Amino acid sequence: MSQTTGKPILEVNDLRTYFYTRDGVVRSVDGVSFSVSEGETLAIVGESGCGKSVTSLSILRLIASPPGKIVSGSIRFHGEDLLGFSDEQMRDIRGDKISMIFQEPMTSLNPVLTIGRQIGEVLELHRQYTKEEVRRRILELLKMVNIPEPESRIDEYPHQLSGGMRQRIMIAMALACDPEILIADEPTTALDVTIQAQILNLMRELRDRTRAAIILITHDLGVVAEMAQRVVVMYAGRKVEEANVFDLFEKPMHPYTLGLLNSMPRLDDAASKRLVEIPGMVPSMRTEIVGCAFAPRCSSASERCTQESPVLKDHGNEHWVACWNPVLVKVNV
Amino acid sequence: MSKTANKLLELKNLCKHYPIRKGILSRISGYVHAVDGVSFSIYEGETLGLVGESGCGKSSVGRTILRLMDPSAGEIYWKGERIDQLTRSQIRPYRKEIQAVFQDPYSSLNPRMRAADIVSEPLRNFEKLSQAKGRERVRELFALVGLRPDQMLRYPHEFSGGQRQRLGIARALSVKPKLIMCDEPVSALDVSVQAQVINLLGDLQKEFGVSYLFIAHDLAVVKHISHRIAVMYLGRIVELAETAELFNRPSHPYTEALLSAVPIPDPKHQRKQIVLGGDVPSPINRPSGCHFHTRCIYAQERCKVEEPKLEETSPGHFVACHFKLNT
Ligand SMILES: Nc1ncnc2c1ncn2[C@@H]1O[C@H](COP(=O)(O)OP(=O)(O)OP(=O)(O)O)[C@@H](O)[C@H]1O
Ligand SMILES: Nc1ncnc2c1ncn2[C@@H]1O[C@H](COP(=O)(O)OP(=O)(O)OP(=O)(O)O)[C@@H](O)[C@H]1O
Ligand code: SF4
Ligand code: SF4
Ligand SMILES: [Mg+2]
Ligand SMILES: [Mg+2]
């Protein structure tokens, strides 16, 4: 795995995205910062509802308003704040310079359009291609994502394809214009492991060939270990830890990260030992959290944790942790 | 599992074919061969894991065992007695002994019923307990699965995913079953909550000796919980062995590929990966001979014409392949 120290192409700074619902304000993303560089894969992990998808939708300015609103922060793409862009400028960027693979391939493809038309639309929007050039590019993309017999598949509808093929069509659409940033929201969660392996290979090839930056959202720590150079761990709308992938797995410092690593059954476990549970559950984001959001589930919690919100601190080597009592032991992986 | 343990369930050549209907007259135009000659046994106190790709027939096997539908062919034995041909009323006593926990804890719970009534539903169906006794039992079950008594009067939407799965488990346990068919019981749960449910299933097995048929696609979870594992591909069992044996000496090329495709949560790990080409073929038009030959890296001419039979290569290790690995 190559370490990248390129210049960041995307810098998210103190992003806050809230939803104003009838039963109160949901602070889905509450002060999140991170950046990605050319050729780098950044993974974002965390439990269901912690704000991963809302973060990625915010980057593309796809938050429905109302009820949602990006209330503060900045999202700099090559230094320019996307939050200041007009809707038209955003349309030019989406699907071209920054593209996204959505969490649910079944619902994100249009059922009444052939897959050729759907990929073609992206190309027509962003490229001045002739009809023949469009068709040639579509076939090229279908081949690239390993769709068998692309000449006949091009005229088929989404329901005629398997789940794995539909996900590959989504990827082909996302790659159509050689994006600089690919945001992949759980791109393989709905797929079988053998198909997942194909898709991950494809994403790695893309990264190595075009030097695209990838933001990979997943809850599978195996996928993280295999794909990412840096990892952001989120909990209840906040970033609680960020580190390079080796440090994160070898010396996780946030009790939640350590808990995640320990609670997971692993193929390389010796005998089946009892899993270490994280007691309790994720807090509701409808009430404002005082102190550390993880405190009710944390075995290291102290008095201070229930009163003061922990601040992110660099523990060396760009290893950021938001915790008053960080874990300091090395785990054996 | 020791050979002396009691055999609870035995499947012999189980088949389940779904008709495909076409046109206004709903003529049968073909069949989905979802389960195609599956044989295995489950012993008392053991967990048999059942893995395989989406659509390979795992849930169909489970639903047939529960007699939620009738098998198309084959035999099902419960403690030595044949039960696949029993009528609805004859099957009742077995229904009590074989319970189920499903993947989606939300849709499998009636949203308009209170938690206590959900948990006691099988009790009311199968046992005539006084109201007081019933309440007492529900209270015990709540404690057993780690739910608080004050949650008994709540509705499903007031519970988290993990808690709803606990409700499902409490309901299954209420009638003291011998076997629980768990169909993807933790797939919808977060990792941190998954561990709670997996540990709970393990504890209950230790305490009551209940057996599980554990259907899941997450191999790490299946490995963790199962004593033996059966691997399915397009309706057939292609390999079955004790857990350690299967992981140490996978003998079917599909098992080998499946194990190698699981990402290991260790960034330093260099895995030797076998990336299978193509997709799982359709169970409507299945490949000839060995169903796996269209994706198998070891396939030869023979594989296209001759169906490999499941053979015992070492005690308790069964493989269906003409060119077995690691043997
Ligand atoms: N349109 C909306 N209205 C109100 N709340 C919303 C809306 N969209 C998202 N949320 C809330 O924001 C929070 C974060 O949601 P998000 O979809 O980002 O989670 P996630 O981390 O992607 O979870 P998952 O792993 O389940 O996909 C959740 O609590 C969710 O309920
Ligand atoms: N009621 C039904 N009518 C017709 N076909 C069905 C029916 N139920 C299942 N099938 C088909 O039978 C095959 C096996 O389905 P089954 O649900 O048993 O697979 P599975 O292994 O449980 O898959 P998954 O991992 O996706 O749950 C699939 O091709 C499926 O489409
Ligand atoms: S700040 Fe306190 S409660 Fe929060 S994770 Fe750290 S030790 Fe635990
Ligand atoms: S029988 Fe042939 S095609 Fe089938 S798994 Fe064995 S080697 Fe592969
Ligand atoms: Mg999401
Ligand atoms: Mg199923």
# chains A, B, ... in the order shown; residues from 1 in each chain; ligands from 1
$ residues_near_ligand --ligand "ligand 1" --cutoff "8 Å" --atoms "only C-alpha atoms and all ligand atoms" --output "compact mmCIF listing (two decimals) with all heavy atoms, in the first residue's frame"
# COMPACT_ATOMS: atom_id res chain seq x y z
N TYR A 18 -27.50 19.82 9.83
CA TYR A 18 -28.59 19.51 10.76
C TYR A 18 -29.89 19.28 9.99
O TYR A 18 -30.08 19.82 8.90
CB TYR A 18 -28.83 20.68 11.74
CG TYR A 18 -27.70 20.97 12.71
CD1 TYR A 18 -27.79 22.06 13.57
CD2 TYR A 18 -26.57 20.16 12.77
CE1 TYR A 18 -26.77 22.36 14.47
CE2 TYR A 18 -25.54 20.46 13.68
CZ TYR A 18 -25.64 21.55 14.51
OH TYR A 18 -24.64 21.85 15.40
N PHE A 19 -30.78 18.50 10.59
CA PHE A 19 -32.12 18.33 10.04
C PHE A 19 -33.13 18.90 11.03
O PHE A 19 -33.08 18.57 12.21
CB PHE A 19 -32.43 16.85 9.78
CG PHE A 19 -31.65 16.31 8.63
CD1 PHE A 19 -30.40 15.72 8.84
CD2 PHE A 19 -32.13 16.39 7.34
CE1 PHE A 19 -29.66 15.23 7.78
CE2 PHE A 19 -31.40 15.90 6.27
CZ PHE A 19 -30.16 15.32 6.48
N TYR A 20 -34.00 19.77 10.51
CA TYR A 20 -34.98 20.40 11.38
C TYR A 20 -36.29 19.65 11.24
O TYR A 20 -37.03 19.85 10.28
CB TYR A 20 -35.11 21.89 11.04
CG TYR A 20 -33.80 22.60 11.29
CD1 TYR A 20 -32.81 22.64 10.31
CD2 TYR A 20 -33.53 23.16 12.53
CE1 TYR A 20 -31.58 23.25 10.56
CE2 TYR A 20 -32.30 23.77 12.79
CZ TYR A 20 -31.33 23.81 11.80
OH TYR A 20 -30.12 24.39 12.06
N THR A 21 -36.55 18.72 12.14
CA THR A 21 -37.74 17.87 12.04
C THR A 21 -38.77 18.31 13.07
O THR A 21 -38.48 19.15 13.92
CB THR A 21 -37.39 16.39 12.30
OG1 THR A 21 -37.01 16.25 13.68
CG2 THR A 21 -36.25 15.93 11.42
N VAL A 26 -31.98 17.35 14.44
CA VAL A 26 -31.09 16.20 14.40
C VAL A 26 -29.72 16.70 13.95
O VAL A 26 -29.57 17.16 12.83
CB VAL A 26 -31.60 15.12 13.41
CG1 VAL A 26 -30.72 13.89 13.47
CG2 VAL A 26 -33.04 14.76 13.71
N ARG A 27 -28.75 16.59 14.85
CA ARG A 27 -27.40 17.07 14.52
C ARG A 27 -26.62 15.93 13.87
O ARG A 27 -25.75 15.33 14.48
CB ARG A 27 -26.70 17.56 15.78
CG ARG A 27 -27.37 18.79 16.37
CD ARG A 27 -26.89 19.10 17.77
NE ARG A 27 -27.42 20.37 18.25
CZ ARG A 27 -28.65 20.51 18.73
NH1 ARG A 27 -29.47 19.48 18.81
NH2 ARG A 27 -29.07 21.70 19.13
N SER A 28 -26.95 15.65 12.61
CA SER A 28 -26.40 14.47 11.93
C SER A 28 -24.89 14.55 11.77
O SER A 28 -24.19 13.57 11.93
CB SER A 28 -27.04 14.32 10.56
OG SER A 28 -28.43 14.15 10.71
N VAL A 29 -24.41 15.73 11.38
CA VAL A 29 -22.97 15.95 11.26
C VAL A 29 -22.69 17.20 12.06
O VAL A 29 -23.28 18.24 11.82
CB VAL A 29 -22.56 16.12 9.78
CG1 VAL A 29 -21.06 16.38 9.68
CG2 VAL A 29 -22.93 14.89 8.97
N GLY A 46 -18.03 3.88 11.05
CA GLY A 46 -18.85 4.23 12.21
C GLY A 46 -20.19 3.54 12.13
O GLY A 46 -20.59 3.04 11.08
N GLU A 47 -20.89 3.52 13.25
CA GLU A 47 -22.15 2.81 13.33
C GLU A 47 -23.26 3.44 12.50
O GLU A 47 -23.19 4.61 12.14
CB GLU A 47 -22.59 2.72 14.79
CG GLU A 47 -22.27 1.36 15.37
CD GLU A 47 -22.24 1.35 16.88
OE1 GLU A 47 -21.40 2.05 17.44
OE2 GLU A 47 -23.04 0.63 17.46
N SER A 48 -24.28 2.67 12.24
CA SER A 48 -25.42 3.14 11.49
C SER A 48 -25.97 4.42 12.14
O SER A 48 -26.13 4.48 13.35
CB SER A 48 -26.49 2.05 11.51
OG SER A 48 -27.58 2.45 10.75
N GLY A 49 -26.20 5.42 11.33
CA GLY A 49 -26.79 6.66 11.84
C GLY A 49 -25.79 7.66 12.38
O GLY A 49 -26.17 8.71 12.90
N CYS A 50 -24.49 7.38 12.27
CA CYS A 50 -23.51 8.30 12.86
C CYS A 50 -23.22 9.48 11.96
O CYS A 50 -22.48 10.38 12.33
CB CYS A 50 -22.22 7.57 13.22
SG CYS A 50 -21.22 7.13 11.80
N GLY A 51 -23.76 9.49 10.73
CA GLY A 51 -23.62 10.66 9.88
C GLY A 51 -22.72 10.48 8.67
O GLY A 51 -22.38 11.46 8.01
N LYS A 52 -22.38 9.26 8.33
CA LYS A 52 -21.49 9.02 7.19
C LYS A 52 -22.12 9.46 5.87
O LYS A 52 -21.52 10.20 5.10
CB LYS A 52 -21.12 7.53 7.12
CG LYS A 52 -20.51 6.98 8.41
CD LYS A 52 -20.12 5.53 8.29
CE LYS A 52 -21.26 4.56 8.05
NZ LYS A 52 -22.21 4.43 9.17
N SER A 53 -23.35 8.99 5.62
CA SER A 53 -23.99 9.33 4.34
C SER A 53 -24.30 10.82 4.27
O SER A 53 -24.14 11.44 3.21
CB SER A 53 -25.28 8.53 4.15
OG SER A 53 -24.98 7.16 4.04
N VAL A 54 -24.74 11.40 5.37
CA VAL A 54 -25.05 12.83 5.36
C VAL A 54 -23.78 13.64 5.07
O VAL A 54 -23.80 14.62 4.34
CB VAL A 54 -25.72 13.26 6.68
CG1 VAL A 54 -25.85 14.77 6.75
CG2 VAL A 54 -27.09 12.61 6.82
N THR A 55 -22.63 13.18 5.59
CA THR A 55 -21.37 13.85 5.29
C THR A 55 -21.11 13.83 3.79
O THR A 55 -20.81 14.86 3.18
CB THR A 55 -20.20 13.15 6.01
OG1 THR A 55 -20.43 13.20 7.42
CG2 THR A 55 -18.88 13.82 5.70
N SER A 56 -21.26 12.66 3.17
CA SER A 56 -20.93 12.59 1.75
C SER A 56 -21.96 13.33 0.90
O SER A 56 -21.60 13.97 -0.09
CB SER A 56 -20.78 11.13 1.30
OG SER A 56 -21.91 10.39 1.65
N ILE A 63 -28.12 17.60 0.07
CA ILE A 63 -28.99 17.54 1.24
C ILE A 63 -30.30 18.27 0.92
O ILE A 63 -30.28 19.43 0.53
CB ILE A 63 -28.30 18.22 2.45
CG1 ILE A 63 -27.03 17.47 2.83
CG2 ILE A 63 -29.25 18.32 3.65
CD1 ILE A 63 -27.23 16.10 3.40
N ALA A 64 -31.42 17.55 1.06
CA ALA A 64 -32.71 18.16 0.77
C ALA A 64 -33.02 19.22 1.82
O ALA A 64 -32.96 18.96 3.02
CB ALA A 64 -33.80 17.10 0.77
N PRO A 67 -35.85 19.34 5.01
CA PRO A 67 -35.59 19.69 6.40
C PRO A 67 -34.10 19.89 6.70
O PRO A 67 -33.77 20.38 7.76
CB PRO A 67 -36.09 18.47 7.16
CG PRO A 67 -35.83 17.33 6.23
CD PRO A 67 -35.99 17.88 4.84
N GLY A 68 -33.21 19.54 5.74
CA GLY A 68 -31.79 19.58 6.07
C GLY A 68 -31.16 20.92 5.79
O GLY A 68 -31.67 21.72 5.00
N GLN A 103 -25.35 4.29 -1.73
CA GLN A 103 -25.48 3.12 -0.86
C GLN A 103 -26.40 2.05 -1.46
O GLN A 103 -26.14 0.88 -1.35
CB GLN A 103 -26.01 3.59 0.50
CG GLN A 103 -25.92 2.56 1.60
CD GLN A 103 -26.01 3.21 2.99
OE1 GLN A 103 -26.12 4.42 3.13
NE2 GLN A 103 -25.95 2.40 4.02
N ASP A 185 -20.25 5.21 -1.11
CA ASP A 185 -20.97 5.00 0.14
C ASP A 185 -21.40 3.55 0.24
O ASP A 185 -22.33 3.12 -0.44
CB ASP A 185 -22.19 5.94 0.17
CG ASP A 185 -22.87 5.97 1.54
OD1 ASP A 185 -22.47 5.19 2.43
OD2 ASP A 185 -23.81 6.77 1.71
N GLU A 186 -20.73 2.79 1.05
CA GLU A 186 -21.01 1.35 1.21
C GLU A 186 -21.14 0.67 -0.15
O GLU A 186 -22.15 0.03 -0.43
CB GLU A 186 -22.30 1.12 2.01
CG GLU A 186 -22.35 1.83 3.35
CD GLU A 186 -21.83 0.97 4.51
OE1 GLU A 186 -21.34 -0.15 4.27
OE2 GLU A 186 -21.91 1.44 5.65
N THR A 218 -17.76 2.85 4.85
CA THR A 218 -18.05 1.44 5.07
C THR A 218 -18.13 1.17 6.56
O THR A 218 -17.67 1.96 7.37
CB THR A 218 -16.97 0.55 4.44
OG1 THR A 218 -17.23 -0.82 4.77
CG2 THR A 218 -15.57 0.89 4.97
N HIS A 219 -18.75 0.07 6.94
CA HIS A 219 -18.70 -0.32 8.34
C HIS A 219 -17.85 -1.58 8.48
O HIS A 219 -17.71 -2.12 9.56
CB HIS A 219 -20.11 -0.53 8.89
CG HIS A 219 -20.78 -1.68 8.23
ND1 HIS A 219 -21.55 -1.54 7.10
CD2 HIS A 219 -20.74 -2.99 8.50
CE1 HIS A 219 -21.97 -2.73 6.72
NE2 HIS A 219 -21.49 -3.62 7.54
N ALA A 236 -21.75 9.38 16.51
CA ALA A 236 -22.79 10.38 16.79
C ALA A 236 -22.51 11.74 16.17
O ALA A 236 -22.54 12.76 16.84
CB ALA A 236 -23.00 10.50 18.30
N GLY A 237 -22.19 11.74 14.88
CA GLY A 237 -22.06 13.00 14.16
C GLY A 237 -20.71 13.68 14.27
O GLY A 237 -20.51 14.76 13.72
N SER A 284 -29.40 8.82 20.75
CA SER A 284 -30.27 9.54 19.84
C SER A 284 -29.63 10.89 19.55
O SER A 284 -29.06 11.51 20.44
CB SER A 284 -31.63 9.74 20.49
OG SER A 284 -32.24 10.90 19.97
N MET A 285 -29.73 11.32 18.29
CA MET A 285 -29.10 12.59 17.97
C MET A 285 -30.10 13.73 18.03
O MET A 285 -29.86 14.82 17.54
CB MET A 285 -28.42 12.50 16.63
CG MET A 285 -27.25 11.55 16.75
SD MET A 285 -25.96 11.89 15.60
CE MET A 285 -26.47 10.86 14.27
$ residues_near_ligand --ligand "ligand 3" --cutoff "6 Å" --atoms "only C-alpha atoms and all ligand atoms" --output "ChimeraX atom specification"
/A:254-255,292,294-295,298,300-302,305,310,323-326
$ write_last_selection --atoms "N, CA, C and O atoms" --output "compact mmCIF listing (two decimals), in the first residue's frame"
# COMPACT_ATOMS: atom_id res chain seq x y z
N HIS A 254 -9.00 5.72 20.69
CA HIS A 254 -10.33 6.04 21.19
C HIS A 254 -11.01 4.75 21.67
O HIS A 254 -10.99 3.74 20.96
N PRO A 255 -11.60 4.77 22.88
CA PRO A 255 -12.23 3.55 23.39
C PRO A 255 -13.27 2.95 22.44
O PRO A 255 -13.43 1.73 22.37
N CYS A 292 -19.01 13.81 26.43
CA CYS A 292 -18.66 12.87 25.37
C CYS A 292 -19.86 11.98 25.06
O CYS A 292 -20.45 11.38 25.94
N PHE A 294 -19.98 9.16 23.81
CA PHE A 294 -19.73 7.74 24.05
C PHE A 294 -19.73 7.39 25.54
O PHE A 294 -19.74 6.22 25.91
N ALA A 295 -19.78 8.40 26.38
CA ALA A 295 -19.64 8.19 27.83
C ALA A 295 -20.55 7.08 28.41
O ALA A 295 -20.07 6.25 29.18
N CYS A 298 -18.86 3.79 27.72
CA CYS A 298 -17.40 3.74 27.79
C CYS A 298 -16.91 3.28 29.16
O CYS A 298 -17.32 3.81 30.18
N SER A 300 -13.87 3.58 30.17
CA SER A 300 -12.83 4.49 30.67
C SER A 300 -13.40 5.84 31.10
O SER A 300 -12.64 6.75 31.43
N ALA A 301 -14.72 5.97 31.05
CA ALA A 301 -15.31 7.29 31.31
C ALA A 301 -14.99 7.78 32.72
O ALA A 301 -14.96 7.01 33.67
N SER A 302 -14.73 9.08 32.81
CA SER A 302 -14.48 9.69 34.11
C SER A 302 -15.45 10.86 34.27
O SER A 302 -16.19 11.19 33.34
N CYS A 305 -15.81 13.42 31.52
CA CYS A 305 -16.41 13.00 30.25
C CYS A 305 -17.89 13.35 30.16
O CYS A 305 -18.42 13.54 29.07
N PRO A 310 -14.98 16.23 24.63
CA PRO A 310 -13.54 16.08 24.38
C PRO A 310 -13.13 16.76 23.07
O PRO A 310 -13.86 16.73 22.10
N CYS A 323 -10.72 12.39 22.99
CA CYS A 323 -11.03 11.59 24.18
C CYS A 323 -10.22 12.13 25.35
O CYS A 323 -9.05 12.47 25.20
N TRP A 324 -10.85 12.19 26.52
CA TRP A 324 -10.13 12.68 27.71
C TRP A 324 -9.20 11.62 28.27
O TRP A 324 -8.21 11.93 28.90
N ASN A 325 -9.53 10.36 28.06
CA ASN A 325 -8.68 9.28 28.60
C ASN A 325 -8.32 8.30 27.49
O ASN A 325 -8.78 7.16 27.49
N PRO A 326 -7.51 8.71 26.52
CA PRO A 326 -7.24 7.82 25.39
C PRO A 326 -6.55 6.52 25.81
O PRO A 326 -5.84 6.48 26.81
$ interface_residues --of "chain B" --to "chain A" --cutoff "7 Å" --atoms "only C-alpha atoms" --output "count of residues only"
22
$ closest_residue --among "B:Val280, B:Met181, B:Leu234, B:Leu109" --to "Phe159 (chain B)" --atoms "only C-alpha atoms"
B:Leu109
$ atom_distance --atom1 "CA of Glu308 (chain A)" --atom2 "CA of Lys69 (chain A)"
26.1 Å
$ residues_around --residues "Arg136 (chain A)" --least-positions-apart "4" --cutoff "12 Å" --atoms "only C-alpha atoms" --output "ChimeraX atom specification"
/A:116,119-120,123,129-132,140-143,150-151,154,176
$ residues_around --residues "Val321 (chain A)" --least-positions-apart "2" --cutoff "8 Å" --atoms "only C-alpha atoms" --output "list in words"
Val240, Glu241, Glu242, Met253, His254, Val311, Leu312, Lys313, Asp314, His315, His319, Cys323 and Pro326 of chain A
$ select_by_dssp --residues "region 110-213 of chain A" --states "helix (DSSP H, G or I)" --output "PyMOL selection string"
chain A and resi 115-126+131-144+150-153+158-160+163-175+193-210
$ residues_near_ligand --ligand "ligand 2" --cutoff "7 Å" --atoms "only C-alpha atoms and all ligand atoms" --output "VMD selection string"
chain B and resid 18 to 20 32 to 34 52 to 61 217 282 to 283
$ atom_distance --atom1 "CA of Glu11 (chain A)" --atom2 "CA of Leu82 (chain A)"
10.3 Å
$ atom_distance --atom1 "CA of Thr64 (chain B)" --atom2 "CA of Lys16 (chain B)"
7.9 Å
$ closest_residue --among "B:Arg95, B:Arg236, B:Arg228, B:His293" --to "Lys176 (chain B)" --atoms "only C-alpha atoms"
B:Arg95
$ residues_around --residues "Pro187 (chain A)" --least-positions-apart "3" --cutoff "7 Å" --atoms "only C-alpha atoms" --output "number ranges by chain"
A: 101-103, 184
$ residues_around --residues "Leu259 (chain B)" --least-positions-apart "3" --cutoff "8 Å" --atoms "only C-alpha atoms" --output "VMD selection string"
chain B and resid 219 247 255 to 256 262
$ write_last_selection --atoms "all heavy atoms" --output "JSON list (two decimals), in the first residue's frame"
[["chain", "number", "residue", "atom", "x", "y", "z"],
["B", 219, "LEU", "N", -18.74, -14.77, 6.72],
["B", 219, "LEU", "CA", -18.01, -15.98, 7.08],
["B", 219, "LEU", "C", -17.34, -15.89, 8.44],
["B", 219, "LEU", "O", -17.19, -16.89, 9.13],
["B", 219, "LEU", "CB", -16.97, -16.30, 6.01],
["B", 219, "LEU", "CG", -17.59, -16.92, 4.77],
["B", 219, "LEU", "CD1", -16.70, -16.73, 3.57],
["B", 219, "LEU", "CD2", -17.82, -18.41, 5.01],
["B", 247, "PHE", "N", -11.79, -24.52, 7.38],
["B", 247, "PHE", "CA", -10.93, -23.35, 7.21],
["B", 247, "PHE", "C", -9.48, -23.74, 6.96],
["B", 247, "PHE", "O", -8.76, -23.06, 6.24],
["B", 247, "PHE", "CB", -11.05, -22.39, 8.40],
["B", 247, "PHE", "CG", -12.29, -21.53, 8.30],
["B", 247, "PHE", "CD1", -13.51, -22.00, 8.72],
["B", 247, "PHE", "CD2", -12.22, -20.26, 7.74],
["B", 247, "PHE", "CE1", -14.66, -21.22, 8.60],
["B", 247, "PHE", "CE2", -13.35, -19.48, 7.61],
["B", 247, "PHE", "CZ", -14.58, -19.96, 8.04],
["B", 255, "THR", "N", -15.25, -23.12, -2.09],
["B", 255, "THR", "CA", -14.96, -22.78, -0.70],
["B", 255, "THR", "C", -13.64, -22.03, -0.62],
["B", 255, "THR", "O", -13.52, -21.01, 0.07],
["B", 255, "THR", "CB", -14.85, -24.06, 0.16],
["B", 255, "THR", "OG1", -15.94, -24.91, -0.14],
["B", 255, "THR", "CG2", -14.82, -23.73, 1.63],
["B", 256, "GLU", "N", -12.65, -22.51, -1.36],
["B", 256, "GLU", "CA", -11.34, -21.86, -1.34],
["B", 256, "GLU", "C", -11.46, -20.40, -1.78],
["B", 256, "GLU", "O", -10.93, -19.49, -1.12],
["B", 256, "GLU", "CB", -10.40, -22.61, -2.29],
["B", 256, "GLU", "CG", -8.98, -22.08, -2.27],
["B", 256, "GLU", "CD", -8.13, -22.62, -3.41],
["B", 256, "GLU", "OE1", -8.63, -22.67, -4.55],
["B", 256, "GLU", "OE2", -6.96, -22.97, -3.16],
["B", 262, "VAL", "N", -12.66, -13.00, 1.67],
["B", 262, "VAL", "CA", -13.05, -12.26, 2.86],
["B", 262, "VAL", "C", -11.93, -11.29, 3.25],
["B", 262, "VAL", "O", -10.80, -11.71, 3.48],
["B", 262, "VAL", "CB", -13.31, -13.22, 4.05],
["B", 262, "VAL", "CG1", -13.70, -12.44, 5.29],
["B", 262, "VAL", "CG2", -14.38, -14.22, 3.68]]
$ closest_residue --among "B:Ile91, B:Leu129, B:Leu204, B:Leu153" --to "Ala170 (chain B)" --atoms "only C-alpha atoms"
B:Leu204
$ residues_near_ligand --ligand "ligand 4" --cutoff "7 Å" --atoms "only C-alpha atoms and all ligand atoms" --output "mmCIF file with N, CA and C atoms, in the first residue's frame"
data_model
loop_
_atom_site.group_PDB
_atom_site.id
_atom_site.type_symbol
_atom_site.label_atom_id
_atom_site.label_comp_id
_atom_site.auth_asym_id
_atom_site.auth_seq_id
_atom_site.Cartn_x
_atom_site.Cartn_y
_atom_site.Cartn_z
ATOM 1 N N HIS B 252 -13.119 -27.815 -1.708
ATOM 2 C CA HIS B 252 -13.860 -27.447 -2.902
ATOM 3 C C HIS B 252 -13.340 -26.094 -3.406
ATOM 4 N N PRO B 253 -13.090 -25.979 -4.710
ATOM 5 C CA PRO B 253 -12.575 -24.718 -5.248
ATOM 6 C C PRO B 253 -13.450 -23.508 -4.902
ATOM 7 N N TYR B 254 -14.757 -23.709 -4.791
ATOM 8 C CA TYR B 254 -15.624 -22.585 -4.437
ATOM 9 C C TYR B 254 -15.378 -22.156 -2.997
ATOM 10 N N CYS B 290 -20.921 -29.865 -13.201
ATOM 11 C CA CYS B 290 -20.703 -29.142 -11.955
ATOM 12 C C CYS B 290 -21.170 -27.709 -12.164
ATOM 13 N N HIS B 291 -22.132 -27.256 -11.326
ATOM 14 C CA HIS B 291 -22.688 -25.909 -11.483
ATOM 15 C C HIS B 291 -21.629 -24.826 -11.427
ATOM 16 N N PHE B 292 -20.497 -25.148 -10.818
ATOM 17 C CA PHE B 292 -19.478 -24.129 -10.581
ATOM 18 C C PHE B 292 -18.496 -24.005 -11.756
ATOM 19 N N HIS B 293 -18.651 -24.865 -12.779
ATOM 20 C CA HIS B 293 -17.585 -24.906 -13.792
ATOM 21 C C HIS B 293 -17.404 -23.600 -14.566
ATOM 22 N N CYS B 296 -14.962 -21.724 -12.170
ATOM 23 C CA CYS B 296 -13.915 -22.452 -11.449
ATOM 24 C C CYS B 296 -12.577 -22.377 -12.171
ATOM 25 N N ILE B 297 -11.506 -22.019 -11.434
ATOM 26 C CA ILE B 297 -10.202 -21.902 -12.085
ATOM 27 C C ILE B 297 -9.550 -23.265 -12.327
ATOM 28 N N TYR B 298 -10.142 -24.329 -11.760
ATOM 29 C CA TYR B 298 -9.562 -25.661 -11.958
ATOM 30 C C TYR B 298 -10.383 -26.510 -12.929
ATOM 31 N N ALA B 299 -11.426 -25.923 -13.512
ATOM 32 C CA ALA B 299 -12.374 -26.723 -14.302
ATOM 33 C C ALA B 299 -11.721 -27.414 -15.498
ATOM 34 N N GLN B 300 -12.159 -28.633 -15.768
ATOM 35 C CA GLN B 300 -11.709 -29.389 -16.928
ATOM 36 C C GLN B 300 -12.933 -29.864 -17.702
ATOM 37 N N CYS B 303 -15.826 -31.642 -16.000
ATOM 38 C CA CYS B 303 -16.695 -30.876 -15.108
ATOM 39 C C CYS B 303 -17.950 -30.366 -15.811
ATOM 40 N N PRO B 308 -20.491 -33.740 -10.036
ATOM 41 C CA PRO B 308 -19.740 -34.403 -8.967
ATOM 42 C C PRO B 308 -20.650 -34.728 -7.782
ATOM 43 N N ALA B 320 -17.991 -32.148 -2.951
ATOM 44 C CA ALA B 320 -18.518 -32.526 -4.260
ATOM 45 C C ALA B 320 -17.688 -31.869 -5.348
ATOM 46 N N CYS B 321 -16.625 -32.541 -5.778
ATOM 47 C CA CYS B 321 -15.747 -31.986 -6.816
ATOM 48 C C CYS B 321 -14.944 -33.113 -7.436
ATOM 49 N N HIS B 322 -14.730 -33.035 -8.753
ATOM 50 C CA HIS B 322 -13.933 -34.068 -9.432
ATOM 51 C C HIS B 322 -12.445 -33.921 -9.138
ATOM 52 N N PHE B 323 -12.034 -32.716 -8.804
ATOM 53 C CA PHE B 323 -10.604 -32.479 -8.570
ATOM 54 C C PHE B 323 -10.408 -31.778 -7.234
ATOM 55 N N LYS B 324 -10.609 -32.527 -6.175
ATOM 56 C CA LYS B 324 -10.601 -31.948 -4.832
ATOM 57 C C LYS B 324 -9.232 -31.403 -4.455
#
$ residues_around --residues "Ile98 (chain B)" --least-positions-apart "4" --cutoff "10 Å" --atoms "only C-alpha atoms" --output "JSON, numbers by chain"
{"B": [9, 65, 66, 67, 78, 93, 94, 172, 173, 175, 176, 177, 178, 179, 180, 181, 211, 212]}
$ select_by_dssp --residues "region 298-329 of chain A" --states "strand (DSSP E)" --output "PyMOL selection string"
chain A and resi 312-314+320-322
$ write_last_selection --atoms "C-alpha atoms" --output "short mmCIF file (atom, residue, chain, number, x, y, z; two decimals), in the first residue's frame"
data_model
loop_
_atom_site.label_atom_id
_atom_site.label_comp_id
_atom_site.auth_asym_id
_atom_site.auth_seq_id
_atom_site.Cartn_x
_atom_site.Cartn_y
_atom_site.Cartn_z
CA LEU A 312 -9.46 16.52 19.01
CA LYS A 313 -5.77 16.32 19.76
CA ASP A 314 -2.85 15.17 17.63
CA TRP A 320 -6.06 12.60 16.03
CA VAL A 321 -8.20 11.53 18.95
CA ALA A 322 -11.10 13.19 20.76
#
